[in-house]
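Structure file target-v4.txt; described as compact mmCIF, C-alpha atoms.
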# COMPACT_ATOMS: atom_id res chain seq x y z
CA MET H 1 -10.59 3.74 31.52
CA ALA H 2 -14.00 2.64 32.67
CA GLU H 3 -12.81 -0.74 33.88
CA THR H 4 -9.58 -2.25 35.10
CA GLU H 5 -7.91 -5.23 33.46
CA ASN H 6 -9.44 -7.62 35.97
CA GLY H 7 -12.92 -6.45 35.05
CA THR H 8 -13.73 -4.24 38.05
CA VAL H 9 -15.36 -0.93 37.31
CA GLU H 10 -13.45 2.20 38.21
CA GLU H 11 -15.07 5.53 38.93
CA THR H 12 -16.67 7.04 35.86
CA GLU H 13 -18.84 10.01 35.06
CA GLU H 14 -21.91 7.90 35.79
CA ASN H 15 -21.07 7.46 39.48
CA THR H 16 -18.75 10.39 40.24
CA GLY H 17 -19.86 13.17 37.95
CA LYS H 18 -16.38 13.34 36.42
CA ALA H 19 -15.13 12.18 33.07
CA GLU H 20 -11.92 10.34 32.60
CA PRO H 21 -8.78 12.36 31.80
CA GLY H 22 -8.83 13.90 28.38
CA GLY H 23 -11.44 16.62 28.48
CA ALA H 24 -14.34 18.29 30.19
CA VAL H 25 -17.55 16.43 30.73
CA PRO H 26 -20.15 17.42 28.12
CA ASP H 27 -23.58 18.38 29.41
CA ALA H 28 -26.22 15.62 29.47
CA PRO H 29 -27.86 16.63 26.14
CA GLY H 30 -24.37 16.89 24.65
CA VAL H 31 -23.50 13.37 25.79
CA ARG H 32 -26.72 12.02 24.30
CA ARG H 33 -26.07 13.75 20.97
CA LEU H 34 -22.52 12.43 20.93
CA ARG H 35 -23.74 8.91 21.67
CA TRP H 36 -26.34 8.95 18.90
CA ALA H 37 -23.88 10.55 16.47
CA SER H 38 -21.38 7.77 17.26
CA MET H 39 -24.05 5.10 16.63
CA ALA H 40 -25.09 6.64 13.29
CA PRO H 41 -22.10 5.38 11.22
CA PHE H 42 -22.73 1.85 12.52
CA PHE H 43 -26.42 2.06 11.53
CA LEU H 44 -25.40 3.50 8.16
CA THR H 45 -22.90 0.71 7.49
CA GLY H 46 -25.37 -2.03 8.39
CA PHE H 47 -28.09 -0.42 6.27
CA VAL H 48 -25.85 0.08 3.23
CA PHE H 49 -24.46 -3.44 3.35
CA ALA H 50 -27.91 -4.97 3.63
CA SER H 51 -28.93 -2.95 0.57
CA TYR H 52 -25.83 -4.23 -1.21
CA PHE H 53 -26.49 -7.87 -0.38
CA VAL H 54 -30.17 -8.00 -1.37
CA GLN H 55 -29.42 -6.90 -4.93
CA ILE H 56 -26.58 -9.35 -5.66
CA PRO H 57 -28.89 -11.78 -7.54
CA LEU H 58 -29.89 -8.93 -9.87
CA TRP H 59 -26.25 -8.15 -10.65
CA LYS H 60 -25.72 -11.77 -11.63
CA THR H 61 -28.57 -11.50 -14.12
CA GLU H 62 -27.64 -7.99 -15.29
CA PHE H 63 -24.11 -8.98 -16.27
CA GLY H 64 -24.89 -12.59 -17.26
CA LEU H 65 -22.39 -13.96 -14.77
CA SER H 66 -21.85 -17.55 -13.76
CA GLU H 67 -21.70 -18.45 -10.07
CA GLY H 68 -17.92 -18.75 -10.26
CA ALA H 69 -17.48 -15.40 -12.02
CA LEU H 70 -19.75 -13.65 -9.52
CA GLY H 71 -17.81 -15.23 -6.66
CA LEU H 72 -14.54 -13.87 -8.05
CA LEU H 73 -15.98 -10.38 -8.45
CA LEU H 74 -17.26 -10.37 -4.87
CA ILE H 75 -13.74 -11.02 -3.61
CA VAL H 76 -12.73 -7.55 -4.87
CA PRO H 77 -14.37 -5.50 -2.06
CA ILE H 78 -13.04 -7.98 0.50
CA LEU H 79 -9.47 -7.43 -0.65
CA THR H 80 -9.70 -3.65 -0.91
CA GLY H 81 -11.43 -3.53 2.46
CA LEU H 82 -8.59 -5.43 4.11
CA VAL H 83 -6.01 -3.13 2.49
CA ALA H 84 -7.89 -0.03 3.62
CA MET H 85 -8.05 -1.32 7.19
CA GLN H 86 -4.24 -1.38 7.31
CA ALA H 87 -4.05 2.30 6.36
CA THR H 88 -6.86 3.52 8.61
CA GLY H 89 -4.86 3.35 11.85
CA SER H 90 -2.32 5.80 10.48
CA LEU H 91 -5.01 8.07 9.00
CA VAL H 92 -6.74 8.26 12.39
CA ALA H 93 -3.42 8.96 14.10
CA ARG H 94 -2.67 11.79 11.66
CA PHE H 95 -6.12 13.38 11.31
CA GLY H 96 -8.26 12.03 14.18
CA SER H 97 -11.04 9.47 13.96
CA ALA H 98 -13.92 11.91 13.42
CA PRO H 99 -12.68 13.38 10.09
CA VAL H 100 -12.01 9.87 8.76
CA VAL H 101 -15.50 8.74 9.83
CA ARG H 102 -17.07 11.78 8.12
CA VAL H 103 -15.32 11.05 4.82
CA ALA H 104 -15.98 7.29 4.92
CA ALA H 105 -19.63 7.76 5.94
CA LEU H 106 -20.16 9.77 2.76
CA ALA H 107 -18.01 7.56 0.53
CA LEU H 108 -19.78 4.31 1.41
CA PRO H 109 -23.35 5.25 0.36
CA LEU H 110 -22.09 7.31 -2.60
CA SER H 111 -20.14 4.31 -3.89
CA LEU H 112 -23.35 2.27 -3.58
CA VAL H 113 -25.14 4.83 -5.78
CA ALA H 114 -22.34 4.51 -8.35
CA PHE H 115 -22.93 0.80 -8.90
CA VAL H 116 -25.26 1.29 -11.86
CA PRO H 117 -24.66 4.61 -13.64
CA PRO H 118 -26.88 4.81 -16.71
CA SER H 119 -23.93 5.22 -19.10
CA SER H 120 -22.17 2.02 -17.99
CA ALA H 121 -24.91 -0.26 -16.72
CA HIS H 122 -23.40 -3.18 -18.61
CA SER H 123 -19.71 -2.46 -18.02
CA VAL H 124 -18.14 -5.24 -15.94
CA PHE H 125 -14.94 -3.19 -15.67
CA GLY H 126 -16.85 -0.26 -14.20
CA PHE H 127 -18.60 -2.67 -11.85
CA VAL H 128 -15.23 -3.96 -10.60
CA VAL H 129 -13.95 -0.42 -10.01
CA VAL H 130 -16.99 0.49 -7.95
CA LEU H 131 -16.71 -2.78 -6.00
CA ALA H 132 -13.11 -1.86 -5.17
CA VAL H 133 -14.08 1.63 -3.98
CA PHE H 134 -17.01 0.24 -2.01
CA GLY H 135 -14.77 -2.26 -0.21
CA ALA H 136 -12.14 0.38 0.57
CA ALA H 137 -14.79 2.71 2.02
CA ASP H 138 -16.06 -0.14 4.19
CA GLY H 139 -12.57 -0.90 5.51
CA LEU H 140 -12.07 2.78 6.25
CA ILE H 141 -15.32 3.25 8.15
CA ASP H 142 -15.10 -0.07 9.97
CA VAL H 143 -11.90 0.82 11.83
CA SER H 144 -12.47 4.56 12.19
CA MET H 145 -15.99 4.35 13.65
CA ASN H 146 -14.81 1.84 16.27
CA ALA H 147 -11.83 4.10 17.05
CA HIS H 148 -14.22 7.04 17.45
CA ALA H 149 -16.44 5.02 19.79
CA ILE H 150 -13.35 4.28 21.91
CA ALA H 151 -12.49 7.99 21.97
CA VAL H 152 -16.02 8.78 23.14
CA GLU H 153 -15.77 6.21 25.93
CA LYS H 154 -12.48 7.74 27.05
CA GLU H 155 -13.78 11.29 26.82
CA THR H 156 -17.09 10.77 28.63
CA GLY H 157 -16.36 7.79 30.86
CA ARG H 158 -19.45 6.00 29.50
CA HIS H 159 -19.68 2.68 27.68
CA ILE H 160 -21.22 2.97 24.19
CA MET H 161 -19.61 0.15 22.17
CA ASN H 162 -22.47 -2.33 22.63
CA SER H 163 -25.00 0.32 21.60
CA CYS H 164 -22.94 1.11 18.50
CA HIS H 165 -22.83 -2.52 17.43
CA ALA H 166 -26.56 -2.83 18.16
CA ALA H 167 -27.07 0.07 15.75
CA TRP H 168 -25.25 -1.93 13.07
CA SER H 169 -27.57 -4.90 13.66
CA ILE H 170 -30.65 -2.67 13.53
CA GLY H 171 -29.41 -0.94 10.37
CA SER H 172 -28.84 -4.29 8.73
CA ALA H 173 -32.33 -5.50 9.64
CA VAL H 174 -34.01 -2.31 8.43
CA GLY H 175 -31.94 -2.25 5.24
CA SER H 176 -32.84 -5.87 4.48
CA LEU H 177 -36.57 -5.28 5.02
CA LEU H 178 -36.66 -2.10 2.92
CA GLY H 179 -34.49 -3.70 0.24
CA GLY H 180 -36.88 -6.61 -0.01
CA ALA H 181 -39.80 -4.17 -0.16
CA ALA H 182 -38.07 -2.22 -2.95
CA ILE H 183 -37.59 -5.39 -5.00
CA LYS H 184 -41.20 -6.46 -4.43
CA ALA H 185 -42.43 -3.00 -5.46
CA GLY H 186 -40.49 -3.27 -8.71
CA LEU H 187 -38.03 -0.42 -8.08
CA THR H 188 -35.03 -0.44 -10.38
CA LEU H 189 -31.61 -0.97 -8.87
CA THR H 190 -30.72 2.64 -9.66
CA ALA H 191 -33.85 3.97 -7.92
CA HIS H 192 -33.30 1.75 -4.88
CA TYR H 193 -29.66 2.73 -4.46
CA ALA H 194 -30.36 6.40 -5.15
CA ALA H 195 -32.92 6.43 -2.33
CA VAL H 196 -30.57 4.62 0.04
CA GLY H 197 -27.69 6.93 -0.90
CA ALA H 198 -29.71 10.10 -0.37
CA ALA H 199 -31.00 8.98 3.03
CA MET H 200 -27.61 7.76 4.27
CA VAL H 201 -25.72 10.83 3.03
CA ALA H 202 -28.22 13.02 4.90
CA LEU H 203 -27.70 10.91 8.04
CA ALA H 204 -23.91 11.14 7.66
CA LEU H 205 -24.01 14.92 7.29
CA VAL H 206 -26.23 15.41 10.34
CA ALA H 207 -24.33 12.96 12.55
CA GLY H 208 -20.95 14.28 11.40
CA ARG H 209 -21.67 17.65 12.98
CA HIS H 210 -21.87 16.09 16.45
CA LEU H 211 -18.79 13.86 16.41
CA LEU H 212 -15.82 14.60 18.64
CA PRO H 213 -13.27 17.25 17.61
CA ALA H 214 -10.43 15.83 15.53
CA ARG H 215 -7.86 16.75 18.18
CA THR H 216 -9.42 14.30 20.67
CA ASP H 217 -7.56 11.26 19.37
CA ARG H 218 -5.21 12.77 16.83
CA VAL H 219 -1.63 11.74 17.57
CA GLY H 220 1.08 14.39 17.35
CA LYS H 221 4.12 14.00 15.12
CA THR H 222 6.39 13.40 18.10
CA ALA H 223 4.29 10.48 19.33
CA MET H 224 4.04 9.07 15.81
CA ASN H 225 7.83 9.21 15.42
CA GLU H 226 8.26 7.48 18.77
CA ALA H 227 5.85 4.76 17.68
CA LYS H 228 7.79 4.36 14.46
CA GLU H 229 11.03 3.94 16.39
CA ARG H 230 9.39 1.28 18.59
CA GLY H 231 8.11 -0.50 15.48
CA THR H 232 4.50 -0.38 16.73
CA GLY H 233 2.99 1.87 14.09
CA THR H 234 3.88 4.53 11.57
CA ALA H 235 2.38 7.39 9.72
CA THR H 236 2.36 5.43 6.53
CA GLY H 237 0.72 2.31 7.88
CA ALA H 238 3.86 0.16 8.08
CA GLY H 239 4.20 -2.19 10.97
CA VAL H 240 1.34 -4.46 9.93
CA LEU H 241 3.40 -7.45 11.00
CA SER H 242 4.75 -5.75 14.12
CA GLY H 243 3.11 -4.66 17.34
CA TRP H 244 1.40 -8.00 18.00
CA SER H 245 1.49 -8.51 21.76
CA THR H 246 0.26 -11.81 23.19
CA ARG H 247 -2.80 -10.10 24.64
CA LEU H 248 -3.70 -8.42 21.34
CA LEU H 249 -3.30 -11.68 19.46
CA LEU H 250 -5.51 -13.60 21.91
CA LEU H 251 -8.20 -10.91 21.85
CA GLY H 252 -8.08 -10.90 18.05
CA LEU H 253 -8.35 -14.68 17.83
CA THR H 254 -11.27 -14.69 20.28
CA GLY H 255 -13.12 -12.04 18.29
CA THR H 256 -12.41 -13.97 15.09
CA VAL H 257 -13.90 -17.21 16.44
CA VAL H 258 -16.96 -15.30 17.69
CA LEU H 259 -17.55 -13.82 14.24
CA VAL H 260 -16.93 -17.18 12.60
CA CYS H 261 -19.77 -18.49 14.77
CA SER H 262 -21.96 -15.55 13.74
CA GLY H 263 -21.29 -16.16 10.06
CA VAL H 264 -21.98 -19.86 10.45
CA VAL H 265 -25.44 -19.20 11.91
CA GLY H 266 -26.34 -16.96 8.99
CA ASN H 267 -25.08 -19.37 6.35
CA TRP H 268 -25.75 -22.79 7.88
CA GLY H 269 -28.34 -22.39 10.67
CA GLY H 270 -31.30 -22.72 8.34
CA VAL H 271 -29.69 -25.60 6.45
CA TYR H 272 -29.14 -27.44 9.74
CA LEU H 273 -32.79 -27.04 10.78
CA HIS H 274 -34.15 -28.00 7.36
CA GLU H 275 -31.88 -30.88 6.34
CA LYS H 276 -30.86 -32.37 9.69
CA LEU H 277 -33.89 -31.70 11.90
CA GLY H 278 -36.68 -31.88 9.31
CA ALA H 279 -37.93 -28.30 9.67
CA THR H 280 -39.98 -26.65 6.94
CA LEU H 281 -38.29 -23.84 5.04
CA ALA H 282 -40.36 -21.28 6.96
CA THR H 283 -39.34 -22.77 10.30
CA ALA H 284 -35.72 -23.04 9.16
CA SER H 285 -35.59 -19.27 8.68
CA LEU H 286 -36.21 -18.89 12.43
CA ALA H 287 -32.63 -19.97 13.15
CA TYR H 288 -31.12 -16.69 12.01
CA ILE H 289 -34.13 -14.60 13.02
CA ALA H 290 -33.93 -15.85 16.62
CA TYR H 291 -30.17 -15.46 16.67
CA SER H 292 -30.09 -11.92 15.25
CA ALA H 293 -33.02 -10.67 17.36
CA CYS H 294 -31.36 -11.84 20.58
CA GLU H 295 -28.00 -10.51 19.43
CA ALA H 296 -29.48 -7.03 18.86
CA GLY H 297 -31.40 -7.18 22.14
CA GLY H 298 -28.31 -8.18 24.10
CA ARG H 299 -26.33 -5.32 22.63
CA LEU H 300 -29.02 -2.78 23.46
CA VAL H 301 -28.59 -3.52 27.18
CA GLY H 302 -24.91 -4.44 26.94
CA ASP H 303 -23.51 -1.04 27.88
CA ARG H 304 -25.52 -0.90 31.09
CA LEU H 305 -24.43 -4.43 31.97
CA HIS H 306 -20.83 -3.51 31.14
CA ALA H 307 -20.95 -0.59 33.58
CA ARG H 308 -22.69 -2.65 36.28
CA LEU H 309 -20.75 -5.91 36.06
CA GLY H 310 -17.40 -4.94 34.56
CA ALA H 311 -15.88 -6.31 31.37
CA ARG H 312 -14.54 -9.59 32.73
CA ALA H 313 -17.76 -10.68 34.44
CA LEU H 314 -19.89 -9.66 31.45
CA VAL H 315 -17.89 -11.58 28.85
CA ASN H 316 -17.61 -14.62 31.12
CA ARG H 317 -21.38 -14.77 31.54
CA GLY H 318 -21.98 -14.04 27.86
CA GLY H 319 -19.51 -16.74 26.85
CA ALA H 320 -21.17 -19.26 29.16
CA ILE H 321 -24.62 -18.51 27.68
CA ALA H 322 -23.19 -18.85 24.16
CA VAL H 323 -21.65 -22.24 24.95
CA VAL H 324 -24.93 -23.45 26.44
CA GLY H 325 -26.81 -22.21 23.37
CA LEU H 326 -24.55 -23.94 20.86
CA THR H 327 -24.63 -27.12 22.97
CA VAL H 328 -28.44 -27.07 22.78
CA VAL H 329 -28.21 -26.65 18.99
CA VAL H 330 -25.84 -29.60 18.60
CA LEU H 331 -27.88 -31.91 20.84
CA ALA H 332 -31.34 -30.71 19.74
CA PRO H 333 -33.75 -33.53 18.91
CA GLY H 334 -36.00 -31.24 16.88
CA PRO H 335 -36.19 -27.78 15.26
CA VAL H 336 -37.99 -26.00 18.13
CA THR H 337 -35.26 -26.88 20.60
CA ALA H 338 -32.60 -25.83 18.08
CA VAL H 339 -34.27 -22.44 17.55
CA VAL H 340 -34.13 -21.89 21.33
CA GLY H 341 -30.45 -22.83 21.20
CA PHE H 342 -29.77 -20.33 18.41
CA ALA H 343 -31.54 -17.63 20.42
CA LEU H 344 -29.35 -18.33 23.47
CA PHE H 345 -26.32 -18.42 21.19
CA GLY H 346 -27.08 -14.95 19.82
CA LEU H 347 -27.74 -13.57 23.29
CA GLY H 348 -24.45 -14.91 24.62
CA LEU H 349 -22.31 -13.80 21.70
CA SER H 350 -23.94 -10.36 21.50
CA VAL H 351 -21.69 -8.61 24.01
CA LEU H 352 -18.42 -10.37 23.24
CA VAL H 353 -17.17 -8.52 20.15
CA PRO H 354 -18.15 -5.03 21.42
CA VAL H 355 -16.40 -5.63 24.75
CA ILE H 356 -13.36 -7.13 23.00
CA PHE H 357 -13.15 -4.08 20.72
CA SER H 358 -13.54 -1.80 23.72
CA SER H 359 -10.79 -3.67 25.56
CA VAL H 360 -8.51 -3.43 22.52
CA GLY H 361 -9.20 0.29 22.09
CA HIS H 362 -8.52 1.03 25.75
CA GLY H 363 -5.48 -1.26 25.87
CA GLY H 364 -2.91 1.47 25.24
CA ASP H 365 0.71 0.57 25.75
CA ASP H 366 -0.24 -2.83 27.14
CA LEU H 367 -1.04 -3.96 23.59
CA ASP H 368 2.11 -2.43 22.00
CA ALA H 369 0.17 -1.50 18.86
CA GLY H 370 1.02 2.21 18.75
CA SER H 371 -2.52 3.59 19.14
CA ALA H 372 -6.10 2.49 19.64
CA ALA H 373 -6.77 2.79 15.90
CA HIS H 374 -3.72 0.69 14.99
CA ALA H 375 -4.77 -2.01 17.48
CA LEU H 376 -8.34 -1.96 16.18
CA ALA H 377 -7.10 -2.20 12.58
CA LYS H 378 -5.20 -5.37 13.43
CA VAL H 379 -8.12 -6.97 15.27
CA ASN H 380 -10.62 -5.82 12.62
CA THR H 381 -8.53 -7.49 9.93
CA MET H 382 -8.59 -10.79 11.82
CA THR H 383 -12.28 -10.73 12.68
CA TYR H 384 -13.34 -9.55 9.21
CA SER H 385 -11.37 -12.37 7.61
CA GLY H 386 -12.91 -14.91 9.98
CA LEU H 387 -16.43 -13.72 9.24
CA LEU H 388 -15.83 -14.28 5.53
CA ILE H 389 -13.75 -17.46 5.58
CA GLY H 390 -15.45 -19.27 8.49
CA PRO H 391 -18.66 -20.30 6.72
CA VAL H 392 -16.63 -21.63 3.78
CA LEU H 393 -14.48 -23.79 6.06
CA VAL H 394 -17.60 -25.07 7.83
CA GLY H 395 -19.00 -26.06 4.43
CA TRP H 396 -15.88 -28.06 3.63
CA PHE H 397 -15.87 -29.82 6.99
CA ALA H 398 -19.62 -30.46 6.81
CA GLY H 399 -19.15 -32.12 3.44
CA ALA H 400 -16.55 -34.45 4.94
CA PHE H 401 -17.91 -35.12 8.45
CA GLY H 402 -21.54 -33.95 8.48
CA LEU H 403 -23.02 -30.66 9.66
CA ARG H 404 -23.89 -31.73 13.22
CA THR H 405 -20.36 -33.07 13.79
CA THR H 406 -18.89 -29.88 12.35
CA LEU H 407 -21.00 -27.76 14.70
CA ALA H 408 -19.83 -29.92 17.60
CA GLY H 409 -16.24 -29.23 16.52
CA LEU H 410 -17.03 -25.52 16.39
CA LEU H 411 -18.38 -25.80 19.94
CA VAL H 412 -15.06 -27.25 21.13
CA LEU H 413 -13.15 -24.48 19.33
CA LEU H 414 -15.38 -21.85 20.91
CA VAL H 415 -14.88 -23.25 24.44
CA VAL H 416 -11.10 -23.41 24.08
CA THR H 417 -10.85 -19.93 22.54
CA LEU H 418 -13.10 -18.29 25.13
CA ALA H 419 -11.22 -19.96 27.98
CA ALA H 420 -7.93 -18.54 26.71
CA GLY H 421 -9.02 -15.21 25.26
CA LEU H 422 -11.59 -13.85 27.70
CA ARG H 423 -9.00 -13.83 30.48
CA LYS H 424 -7.27 -11.05 28.53
CA VAL H 425 -10.31 -8.74 28.42
Once more with this new file: its structure as structure tokens, please.
Amino acid sequence: MAETENGTVEETEENTGKAEPGGAVPDAPGVRRLRWASMAPFFLTGFVFASYFVQIPLWKTEFGLSEGALGLLLIVPILTGLVAMQATGSLVARFGSAPVVRVAALALPLSLVAFVPPSSAHSVFGFVVVLAVFGAADGLIDVSMNAHAIAVEKETGRHIMNSCHAAWSIGSAVGSLLGGAAIKAGLTLTAHYAAVGAAMVALALVAGRHLLPARTDRVGKTAMNEAKERGTGTATGAGVLSGWSTRLLLLGLTGTVVLVCSGVVGNWGGVYLHEKLGATLATASLAYIAYSACEAGGRLVGDRLHARLGARALVNRGGAIAVVGLTVVVLAPGPVTAVVGFALFGLGLSVLVPVIFSSVGHGGDDLDAGSAAHALAKVNTMTYSGLLIGPVLVGWFAGAFGLRTTLAGLLVLLVVTLAAGLRKV
């Protein structure tokens, strides 16, 4: 491992010339190719999901759906994604993370292309089927690409998780901008998704050639049987309710609260600036822009900071900056101050989820989850659920107590969770 449990950095390839146990050190160009290939699925996922989100209003019109009906349909990919996450740990154990990533990285953009086939453009049933496949592909790639990033860190002795999550943020930003441009240019949904699918399939094929060999993190039958006997994981994905050590649970809860905060900024940051602080609509949009820009920037330098400071020191400093940022937002007298607070909030939170995922993936027997992929599947399920449910809960509380009071309550929750969870990194 690149760092010990107390956050101190052990010797790695970067300062000793040796990789950690598990394989020979690739040459420098090989390490760079492996790093970029590992980031590609994250970029692809962010890009595809941004393309998916920007066209949702068109689907509503295309199928003549009410808000309630559309909301029910959009639950479908959430449910299938959560189910797929439970199976991914066992698939990675049986086949290795790289083959699963290769399949999922093709399935996700291809399922996007299938959303509006000419022969069934007005078939709600067909739409639901594609939504289900799309969600399952997302659940599959979400766990497997994080498991592959962990395998790369173990194999090379270099931190890449922050860079991978930065790639997701960049992909999402680029996908949103190009999706908006496609709509403004009058491209049909089919043309837009066909272009996205072709580009992302090409990226998946190129990157897939440079991923780690399947044997790197494939678990043998003997180890899988031993895990089954311990109740920590099985070949068939059982053990969803087992294998929850205290440390894994605390790390999962911490990551969940962090992603709840991220979702709240996207859904409620602009509303807070506009309705509570009197910002114009244009200024209100700066809440999420400032947050996401600083989040991406923090992740781009996060791996170097991780290697220099160690995990514990990095997340402690990041958590402190996040708490200061949200405090500024809650106490802000005007929109400019709040935008600065959102920027600090994004900068502080930027490194937390990548380092938590890295800590989970490197946890091994200490987490009692059976394998890195099984542990990641459990944590991914928690964090994914929090990202989706958090903004809804904030809306309910804001309706009852006011948005500023609700954000203050979220600040207290964040402080308590970070104080308990970051000690386990």
(request) Considering only C-alpha atoms, state which residue in the set H:Ala191, H:Val260, H:Ala287, H:Ala149 is at the smallest distance from His362 in chain H. (result)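 Selected residue with least distance to His362 in chain H: H:Ala149.
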(request) May I ask for the distance between CA of Phe127 in chain H and CA of Val264 in chain H, given in Å to one decimal place? (result)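 Result for CA of Phe127 in chain H versus CA of Val264 in chain H: 28.4 Å, one decimal.
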(request) Quote the spacing between CA of Leu79 in chain H and CA of Trp396 in chain H in Å to one decimal place. (result)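 Computing the Euclidean distance for CA of Leu79 in chain H and CA of Trp396 in chain H yields 22.0 Å.
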Neighbours of Leu376 in chain H within 7 Å (all atoms listed in the file; same-chain residues fewer than 5 positions away dropped), as a short mmCIF file (atom, residue, chain, number, x, y, z; two decimals) with C-alpha atoms, in the coordinates of the input?
data_model
loop_
_atom_site.label_atom_id
_atom_site.label_comp_id
_atom_site.auth_asym_id
_atom_site.auth_seq_id
_atom_site.Cartn_x
_atom_site.Cartn_y
_atom_site.Cartn_z
CA VAL H 143 -11.90 0.82 11.83
CA PHE H 357 -13.15 -4.08 20.72
CA VAL H 360 -8.51 -3.43 22.52
CA GLY H 361 -9.20 0.29 22.09
#
(message) Nearest residue to Cys261 in chain H out of H:Ala375, H:Met145, H:Leu407, H:Leu108, using only C-alpha atoms?
(response)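 Once distances to Cys261 in chain H are computed over only C-alpha atoms, the minimum belongs to H:Leu407.
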(request) Work out how far CA of Ile321 in chain H is from CA of Trp36 in chain H, in Å to one decimal. (result) 28.9 Å
(request) Could you give me, as a PyMOL selection string, the residues within 12 Å of Thr405 in chain H, counting all atoms listed in the file and dropping anything in the same chain fewer than 5 positions from it? (result) chain H and resi 272+276+327+329-331+394-395+397-400+410-412
Tell me, counting all atoms listed in the file, for each residue of range 155-189 of chain H within 12 Å of range 296-304 of chain H, which pair of atoms is nearest and how far apart they are in Å to one decimal, in rows ordered by chain and increasing number, as a Markdown table.
| residue | atom | partner | partner_atom | distance |
| --- | --- | --- | --- | --- |
| H:Gly157 | CA | H:Asp303 | CA | 11.7 |
| H:Arg158 | CA | H:Asp303 | CA | 8.3 |
| H:His159 | CA | H:Asp303 | CA | 5.3 |
| H:Ile160 | CA | H:Asp303 | CA | 5.9 |
| H:Met161 | CA | H:Asp303 | CA | 7.0 |
| H:Asn162 | CA | H:Arg299 | CA | 4.9 |
| H:Ser163 | CA | H:Leu300 | CA | 5.4 |
| H:Cys164 | CA | H:Arg299 | CA | 8.4 |
| H:His165 | CA | H:Arg299 | CA | 6.9 |
| H:Ala166 | CA | H:Arg299 | CA | 5.1 |
| H:Ala167 | CA | H:Ala296 | CA | 8.1 |
| H:Trp168 | CA | H:Ala296 | CA | 8.8 |
| H:Ser169 | CA | H:Ala296 | CA | 5.9 |
| H:Ile170 | CA | H:Ala296 | CA | 7.0 |
| H:Gly171 | CA | H:Ala296 | CA | 10.4 |
| H:Ser172 | CA | H:Ala296 | CA | 10.5 |
| H:Ala173 | CA | H:Ala296 | CA | 9.8 |
(request) Select all residues near (-4.9, -4.4, 6.6) (cut-off 8 Å, inclusive, file coordinates), counting only C-alpha atoms, and output them as a list in words. (result)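 Within 8 Å of (-4.9, -4.4, 6.6), the protein and nucleic acid residues are Gly81, Leu82, Val83, Ala84, Met85, Gln86, Ala87, Val240, Ala377, Lys378 and Thr381 of chain H.
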(message) If we count all atoms listed in the file and set the cut-off at 6 Å, which residues sit around range 89-101 of chain H, ignoring sequence neighbours fewer than 4 positions away in its own chain? Please answer as a PyMOL selection string.
(response) chain H and resi 105+141+144-145+148+214+217-219+235+237+373-374
(request) Would you kindly return, as a list in words, each protein, DNA or RNA residue with an atom no farther than 10 Å from any atom of Ala182 in chain H, considering only C-alpha atoms and excluding same-chain residues fewer than 4 positions away? (result) Ser51, Val54, Ser176, Leu177, Leu178, Gly186, Leu187, Thr188, Leu189, Ala191, His192 and Tyr193 of chain H
(message) as a PyMOL selection string, please: the residues near range 131-137 of chain H (cut-off 7 Å, all atoms listed in the file, same-chain neighbours under 2 positions excluded).
(response) chain H and resi 76-78+80-81+84+104+107-108+111-112+127-129+139-141
(request) Rank H:Thr88, H:Gln55, H:Asn267, H:Thr337 by their smallest atom-to-atom distance to Thr283 in chain H, using only C-alpha atoms, and report the top residue only. (result)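 Distance minimum relative to Thr283 in chain H lands on H:Thr337.
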(request) Go through H:Leu314, H:Leu259, H:Val339, H:Val265 one by one, measure the shortest atom-to-atom distance of each to Leu387 in chain H using all atoms listed in the file, and give the residue with the smallest value. (result)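 Checking each candidate against Leu387 in chain H, we get H:Leu259 as the closest.
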(message) Let me make sure I understand: among H:Val415, H:Glu295, H:Leu65, H:Ile183, which one has the smallest atom-to-atom distance to Ala320 in chain H if we use only C-alpha atoms?
(response)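 Of all the options, H:Val415 lies closest to Ala320 in chain H.
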